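Peer 1: Encoded as structure tokens, here's the structure I'll be asking about.
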Amino acid sequence: MKKILFSMILIYSAVFINADIIKQNGIKNAYNIKLYTKNTPISGDNQFFVQLFKDDKFIADAKMKIKVFMPEMPGMPYMEYKTKAKLVNGEYKMMINFSMSGTWQYHLKFKTSDKKIHTLRGSVNI
């Protein structure tokens, strides 16, 4: 009986601990973008990571920044947070502060070595 209970708790924990990890993929102008977290995002500070590829080659010389925002709603002002990414161990790392839970839109911009600026738009739920 203890083994069954322990197994159920272990399965339940494994399913729900990683239930809300963000993994989003996008393509913009032949660049493959992978936006992800390693932990479930919460209100407050969160680490987001991006990997950028073109023709299956990792792009390590891009300049990257993100703007996350929540539109104004009745009784609530417009909210916005901007930050730049740093290349750390083969992934672009950003610390993003979400001031409250809800759906946040983002504009991920990256400038490549050819001096072109590319923008990927999306949203995440916190």
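All residue names refer to the structure tokens as shown: chains lettered A, B, ... in order, residues numbered from 1 in each chain, ligands numbered from 1 in order.
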What's around Leu87 in chain A at 12 Å? Count only C-alpha atoms, leave out sequence neighbours fewer than 6 positions away in its own chain, and write the answer as a PyMOL selection string.

Peer 2: chain A and resi 48-52+58-65+93-94

Peer 1: Taking the DSSP assignment computed from this structure's backbone, write out as a PyMOL selection string all residues of chain A that belong to helix (DSSP H, G or I).

Peer 2: chain A and resi 2-17

Peer 1: Taking only C-alpha atoms into account, which of A:Phe110, A:Tyr78, A:Tyr31, A:Trp104 comes nearest Ser43 in chain A?

Peer 2: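 Smallest separation from Ser43 in chain A among the options: A:Trp104.
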
Peer 1: Could you list, as a ChimeraX atom specification, every residue within 10 Å of Gln24 in chain A, counting only C-alpha atoms and ignoring same-chain residues fewer than 3 positions away?

Peer 2: /A:21,33-37,50,122-124

Peer 1: Go ahead and save the picked residues with N, CA and C atoms, as a tab-separated table (two decimals), in the first residue's frame.

Peer 2:
chain	number	residue	atom	x	y	z
A	21	ILE	N	5.72	25.01	-17.73
A	21	ILE	CA	6.97	25.49	-18.30
A	21	ILE	C	6.67	25.96	-19.72
A	33	ILE	N	13.43	30.34	-33.87
A	33	ILE	CA	13.55	30.89	-32.53
A	33	ILE	C	12.88	29.96	-31.54
A	34	LYS	N	13.58	29.63	-30.48
A	34	LYS	CA	13.03	28.81	-29.40
A	34	LYS	C	13.05	29.65	-28.12
A	35	LEU	N	11.87	29.98	-27.62
A	35	LEU	CA	11.72	30.73	-26.38
A	35	LEU	C	11.23	29.75	-25.32
A	36	TYR	N	11.90	29.72	-24.16
A	36	TYR	CA	11.52	28.75	-23.14
A	36	TYR	C	11.94	29.19	-21.75
A	37	THR	N	11.33	28.55	-20.77
A	37	THR	CA	11.73	28.71	-19.37
A	37	THR	C	12.15	27.34	-18.86
A	50	VAL	N	16.40	31.99	-24.87
A	50	VAL	CA	16.12	31.94	-26.30
A	50	VAL	C	17.31	31.28	-26.99
A	122	GLY	N	4.29	37.32	-29.68
A	122	GLY	CA	3.58	36.19	-29.09
A	122	GLY	C	3.01	36.58	-27.74
A	123	SER	N	2.57	35.57	-26.99
A	123	SER	CA	2.05	35.82	-25.64
A	123	SER	C	2.35	34.62	-24.75
A	124	VAL	N	2.39	34.89	-23.46
A	124	VAL	CA	2.60	33.85	-22.45
A	124	VAL	C	1.58	34.07	-21.33

Peer 1: Considering only C-alpha atoms, state which residue in the set A:Met100, A:Ile126, A:Ile22, A:Ile42 is at the smallest distance from Glu80 in chain A.

Peer 2: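 Of the candidates, the smallest distance to Glu80 in chain A is held by A:Met100.
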
Peer 1: Name the residues of chain A that come out as strand (DSSP E or B) in a backbone DSSP run; write them as a VMD selection string.

Peer 2: chain A and resid 23 to 28 31 to 36 44 to 54 57 to 58 63 to 70 73 76 79 to 84 86 to 88 91 to 98 103 to 111 117 to 125

Peer 1: Please, what distance in Å, to one decimal, runs between CA of Asn46 in chain A and CA of Phe98 in chain A?

Peer 2: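 CA of Phe98 in chain A lies at a distance of 7.7 Å from CA of Asn46 in chain A.
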
Peer 1: Which residue out of A:Ile66, A:Val88, A:Met76, A:Ala30 has the minimum interatomic distance to Tyr106 in chain A when only C-alpha atoms are used?

Peer 2: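 Closest to Tyr106 in chain A of all the choices is A:Ile66.
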
Peer 1: I'd like to know which of A:Gln47, A:Lys67, A:Phe53, A:Thr103 is closest to Gly90 in chain A, using only C-alpha atoms.

Peer 2: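 The answer is A:Phe53, which sits nearest to Gly90 in chain A.
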
Peer 1: Give the answer as one residue: which of A:Pro41, A:Asn89, A:Val68, A:Lys57 has the shortest atom-to-atom distance to Arg121 in chain A, using only C-alpha atoms?

Peer 2: A:Val68

Peer 1: Determine the nearest neighbour of Met95 in chain A from the options A:Gly44, A:Asp56, A:Lys116, A:Lys111, counting only C-alpha atoms.

Peer 2: A:Gly44

Peer 1: Rounded to one decimal in Å, what is the spacing between CA of Leu108 in chain A and CA of Pro74 in chain A?

Peer 2: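 A separation of 26.8 Å between them.
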